[in-house]
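Structure file protein_9.cif (mmCIF, C-alpha atoms) is printed below.
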```cif
data_my_file
loop_
_atom_site.group_PDB
_atom_site.id
_atom_site.type_symbol
_atom_site.label_atom_id
_atom_site.label_comp_id
_atom_site.auth_asym_id
_atom_site.auth_seq_id
_atom_site.Cartn_x
_atom_site.Cartn_y
_atom_site.Cartn_z
ATOM 1 C CA MET A 1 117.881 -11.786 47.452
ATOM 2 C CA GLN A 2 117.482 -15.296 46.124
ATOM 3 C CA PRO A 3 120.460 -16.956 44.446
ATOM 4 C CA PHE A 4 120.366 -17.214 40.673
ATOM 5 C CA ARG A 5 119.434 -20.715 39.576
ATOM 6 C CA ARG A 6 119.291 -21.780 35.972
ATOM 7 C CA ILE A 7 117.267 -24.814 34.982
ATOM 8 C CA THR A 8 119.380 -27.261 33.016
ATOM 9 C CA GLY A 9 117.970 -29.389 30.251
ATOM 10 C CA PRO A 10 118.452 -33.119 29.769
ATOM 11 C CA SER A 11 121.520 -32.703 27.537
ATOM 12 C CA ALA A 12 123.307 -30.496 30.052
ATOM 13 C CA GLN A 13 122.418 -32.903 32.850
ATOM 14 C CA GLN A 14 123.922 -35.796 30.893
ATOM 15 C CA ARG A 15 127.155 -33.816 30.341
ATOM 16 C CA VAL A 16 127.366 -32.863 34.042
ATOM 17 C CA ARG A 17 126.849 -36.494 35.003
ATOM 18 C CA ALA A 18 129.513 -37.641 32.536
ATOM 19 C CA THR A 19 131.983 -35.104 33.968
ATOM 20 C CA GLN A 20 131.241 -36.181 37.533
ATOM 21 C CA ARG A 21 131.600 -39.849 36.641
ATOM 22 C CA ALA A 22 134.961 -39.200 34.987
ATOM 23 C CA ALA A 23 136.216 -37.392 38.098
ATOM 24 C CA LEU A 24 134.921 -40.080 40.450
ATOM 25 C CA ASN A 25 136.354 -42.886 38.311
ATOM 26 C CA SER A 26 139.709 -41.133 38.316
ATOM 27 C CA ALA A 27 139.571 -40.845 42.107
ATOM 28 C CA MET A 28 138.705 -44.542 42.333
ATOM 29 C CA ASP A 29 141.716 -45.416 40.173
ATOM 30 C CA ARG A 30 143.967 -43.428 42.512
ATOM 31 C CA GLY A 31 142.422 -45.161 45.533
ATOM 32 C CA THR A 32 140.914 -41.981 46.985
ATOM 33 C CA LEU A 33 137.365 -43.402 46.766
ATOM 34 C CA THR A 34 136.044 -46.939 46.993
ATOM 35 C CA SER A 35 132.844 -46.458 44.987
ATOM 36 C CA ALA A 36 131.354 -43.889 42.608
ATOM 37 C CA ALA A 37 127.864 -42.802 43.640
ATOM 38 C CA ALA A 38 127.235 -41.190 40.241
ATOM 39 C CA ALA A 39 127.244 -44.644 38.640
ATOM 40 C CA HIS A 40 123.789 -45.268 40.121
ATOM 41 C CA VAL A 41 122.145 -42.032 38.920
ATOM 42 C CA GLU A 42 119.538 -42.372 36.193
ATOM 43 C CA LEU A 43 118.571 -39.348 34.120
ATOM 44 C CA PRO A 44 115.844 -38.951 31.498
ATOM 45 C CA ALA A 45 116.924 -39.461 27.913
ATOM 46 C CA ASP A 46 117.072 -36.448 25.657
ATOM 47 C CA LYS A 47 115.580 -36.395 22.175
ATOM 48 C CA ARG A 48 118.065 -35.105 19.645
ATOM 49 C CA GLN A 49 116.693 -32.329 17.491
ATOM 50 C CA LYS A 50 116.256 -32.982 13.806
ATOM 51 C CA ALA A 51 118.739 -31.337 11.505
ATOM 52 C CA ARG A 52 117.350 -28.332 9.697
ATOM 53 C CA VAL A 53 118.003 -28.071 5.983
ATOM 54 C CA TRP A 54 118.771 -24.529 4.913
ATOM 55 C CA THR A 55 117.134 -23.345 1.736
ATOM 56 C CA ASP A 56 118.386 -20.493 -0.425
ATOM 57 C CA THR A 57 115.812 -18.115 1.055
ATOM 58 C CA ASP A 58 116.858 -19.098 4.601
ATOM 59 C CA THR A 59 120.501 -18.543 3.749
ATOM 60 C CA ASP A 60 119.856 -15.154 2.159
ATOM 61 C CA ALA A 61 117.792 -14.003 5.143
ATOM 62 C CA ARG A 62 120.447 -15.170 7.630
ATOM 63 C CA ILE A 63 123.272 -13.475 5.736
ATOM 64 C CA ALA A 64 121.252 -10.244 5.579
ATOM 65 C CA GLU A 65 120.688 -10.450 9.350
ATOM 66 C CA TRP A 66 124.382 -11.084 10.062
ATOM 67 C CA LEU A 67 125.462 -8.173 7.873
ATOM 68 C CA ARG A 68 122.944 -5.738 9.370
ATOM 69 C CA PRO A 69 124.764 -3.186 11.537
ATOM 70 C CA GLY A 70 123.892 -2.869 15.191
#
```

Once more with this new file: its structure as structure tokens, please.
Amino acid sequence: MQPFRRITGPSAQQRVRATQRAALNSAMDRGTLTSAAAAHVELPADKRQKARVWTDTDTDARIAEWLRPG
């Protein structure tokens, strides 16, 4: 059986990279590491989605869906 692998999008990749950099920078401050390899990683930029304006009909339909049992 193959291991489960989930494809991450650009936003998730940026957050993973930021977390790794923070950990590596902390280790560098403590003297555990001499250089952070994650500093040299380049990832594709992510386009932020446009905000969606809710209209009264959208709001009514969403509320009806939320209140529907099941």

Report as a list in words the residues that result from applying the PyMOL selection byres ((chain A and resi 7-12) around 9) to the structure here.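 On this input, the PyMOL selection byres ((chain A and resi 7-12) around 9) captures Arg5, Arg6, Gln13, Gln14, Arg15, Val16, Arg17, Leu43, Pro44, Ala45, Asp46, Lys47 and Arg48 of chain A.
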
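As for atom CA of A:Lys50 and atom CA of A:Ile63, they are spaced 22.2 Å apart.
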
Between atom CA of A:Glu42 and atom CA of A:Ala18, measure the distance and give it in Å to one decimal.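 So the two atoms, atom CA of A:Glu42 and atom CA of A:Ala18, lie 11.6 Å apart.
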
Kindly compute an axis-aligned box around the listed atoms of stretch 43-58 of chain A, allowing 5 Å on each side, and express its centre and edge lengths in Å to one decimal as JSON.
```
{"center_x": 117.2, "center_y": -28.8, "center_z": 16.8, "size_x": 13.2, "size_y": 31.3, "size_z": 44.5}
```

Generate the coordinates of N, CA, C and O atoms for stretch 11-22 of chain A; report them as a PDB file, in the coordinates of the input.
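Okay, rebuild_31.pdb is ready:
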```
ATOM      1  N   SER A  11     120.184 -32.579  28.133  1.00  0.00           N
ATOM      2  CA  SER A  11     121.520 -32.703  27.537  1.00  0.00           C
ATOM      3  C   SER A  11     122.591 -32.200  28.494  1.00  0.00           C
ATOM      4  O   SER A  11     123.632 -32.842  28.670  1.00  0.00           O
ATOM      5  N   ALA A  12     122.345 -31.047  29.105  1.00  0.00           N
ATOM      6  CA  ALA A  12     123.307 -30.496  30.052  1.00  0.00           C
ATOM      7  C   ALA A  12     123.457 -31.407  31.263  1.00  0.00           C
ATOM      8  O   ALA A  12     124.561 -31.600  31.776  1.00  0.00           O
ATOM      9  N   GLN A  13     122.358 -31.982  31.717  1.00  0.00           N
ATOM     10  CA  GLN A  13     122.418 -32.903  32.850  1.00  0.00           C
ATOM     11  C   GLN A  13     123.258 -34.131  32.518  1.00  0.00           C
ATOM     12  O   GLN A  13     124.043 -34.604  33.351  1.00  0.00           O
ATOM     13  N   GLN A  14     123.124 -34.638  31.312  1.00  0.00           N
ATOM     14  CA  GLN A  14     123.922 -35.796  30.893  1.00  0.00           C
ATOM     15  C   GLN A  14     125.409 -35.435  30.878  1.00  0.00           C
ATOM     16  O   GLN A  14     126.254 -36.235  31.279  1.00  0.00           O
ATOM     17  N   ARG A  15     125.750 -34.239  30.390  1.00  0.00           N
ATOM     18  CA  ARG A  15     127.155 -33.816  30.341  1.00  0.00           C
ATOM     19  C   ARG A  15     127.718 -33.616  31.751  1.00  0.00           C
ATOM     20  O   ARG A  15     128.857 -33.972  32.027  1.00  0.00           O
ATOM     21  N   VAL A  16     126.926 -33.034  32.658  1.00  0.00           N
ATOM     22  CA  VAL A  16     127.366 -32.863  34.042  1.00  0.00           C
ATOM     23  C   VAL A  16     127.610 -34.225  34.673  1.00  0.00           C
ATOM     24  O   VAL A  16     128.632 -34.452  35.333  1.00  0.00           O
ATOM     25  N   ARG A  17     126.708 -35.143  34.455  1.00  0.00           N
ATOM     26  CA  ARG A  17     126.849 -36.494  35.003  1.00  0.00           C
ATOM     27  C   ARG A  17     128.095 -37.172  34.450  1.00  0.00           C
ATOM     28  O   ARG A  17     128.852 -37.824  35.188  1.00  0.00           O
ATOM     29  N   ALA A  18     128.335 -37.033  33.149  1.00  0.00           N
ATOM     30  CA  ALA A  18     129.513 -37.641  32.536  1.00  0.00           C
ATOM     31  C   ALA A  18     130.798 -37.055  33.132  1.00  0.00           C
ATOM     32  O   ALA A  18     131.762 -37.790  33.396  1.00  0.00           O
ATOM     33  N   THR A  19     130.812 -35.746  33.368  1.00  0.00           N
ATOM     34  CA  THR A  19     131.983 -35.104  33.968  1.00  0.00           C
ATOM     35  C   THR A  19     132.202 -35.598  35.393  1.00  0.00           C
ATOM     36  O   THR A  19     133.334 -35.901  35.797  1.00  0.00           O
ATOM     37  N   GLN A  20     131.132 -35.690  36.160  1.00  0.00           N
ATOM     38  CA  GLN A  20     131.241 -36.181  37.533  1.00  0.00           C
ATOM     39  C   GLN A  20     131.716 -37.630  37.567  1.00  0.00           C
ATOM     40  O   GLN A  20     132.560 -37.998  38.387  1.00  0.00           O
ATOM     41  N   ARG A  21     131.181 -38.448  36.676  1.00  0.00           N
ATOM     42  CA  ARG A  21     131.600 -39.849  36.641  1.00  0.00           C
ATOM     43  C   ARG A  21     133.074 -39.975  36.306  1.00  0.00           C
ATOM     44  O   ARG A  21     133.786 -40.799  36.881  1.00  0.00           O
ATOM     45  N   ALA A  22     133.548 -39.152  35.355  1.00  0.00           N
ATOM     46  CA  ALA A  22     134.961 -39.200  34.987  1.00  0.00           C
ATOM     47  C   ALA A  22     135.840 -38.837  36.184  1.00  0.00           C
ATOM     48  O   ALA A  22     136.864 -39.495  36.441  1.00  0.00           O
TER      49      ALA A  22
END
```
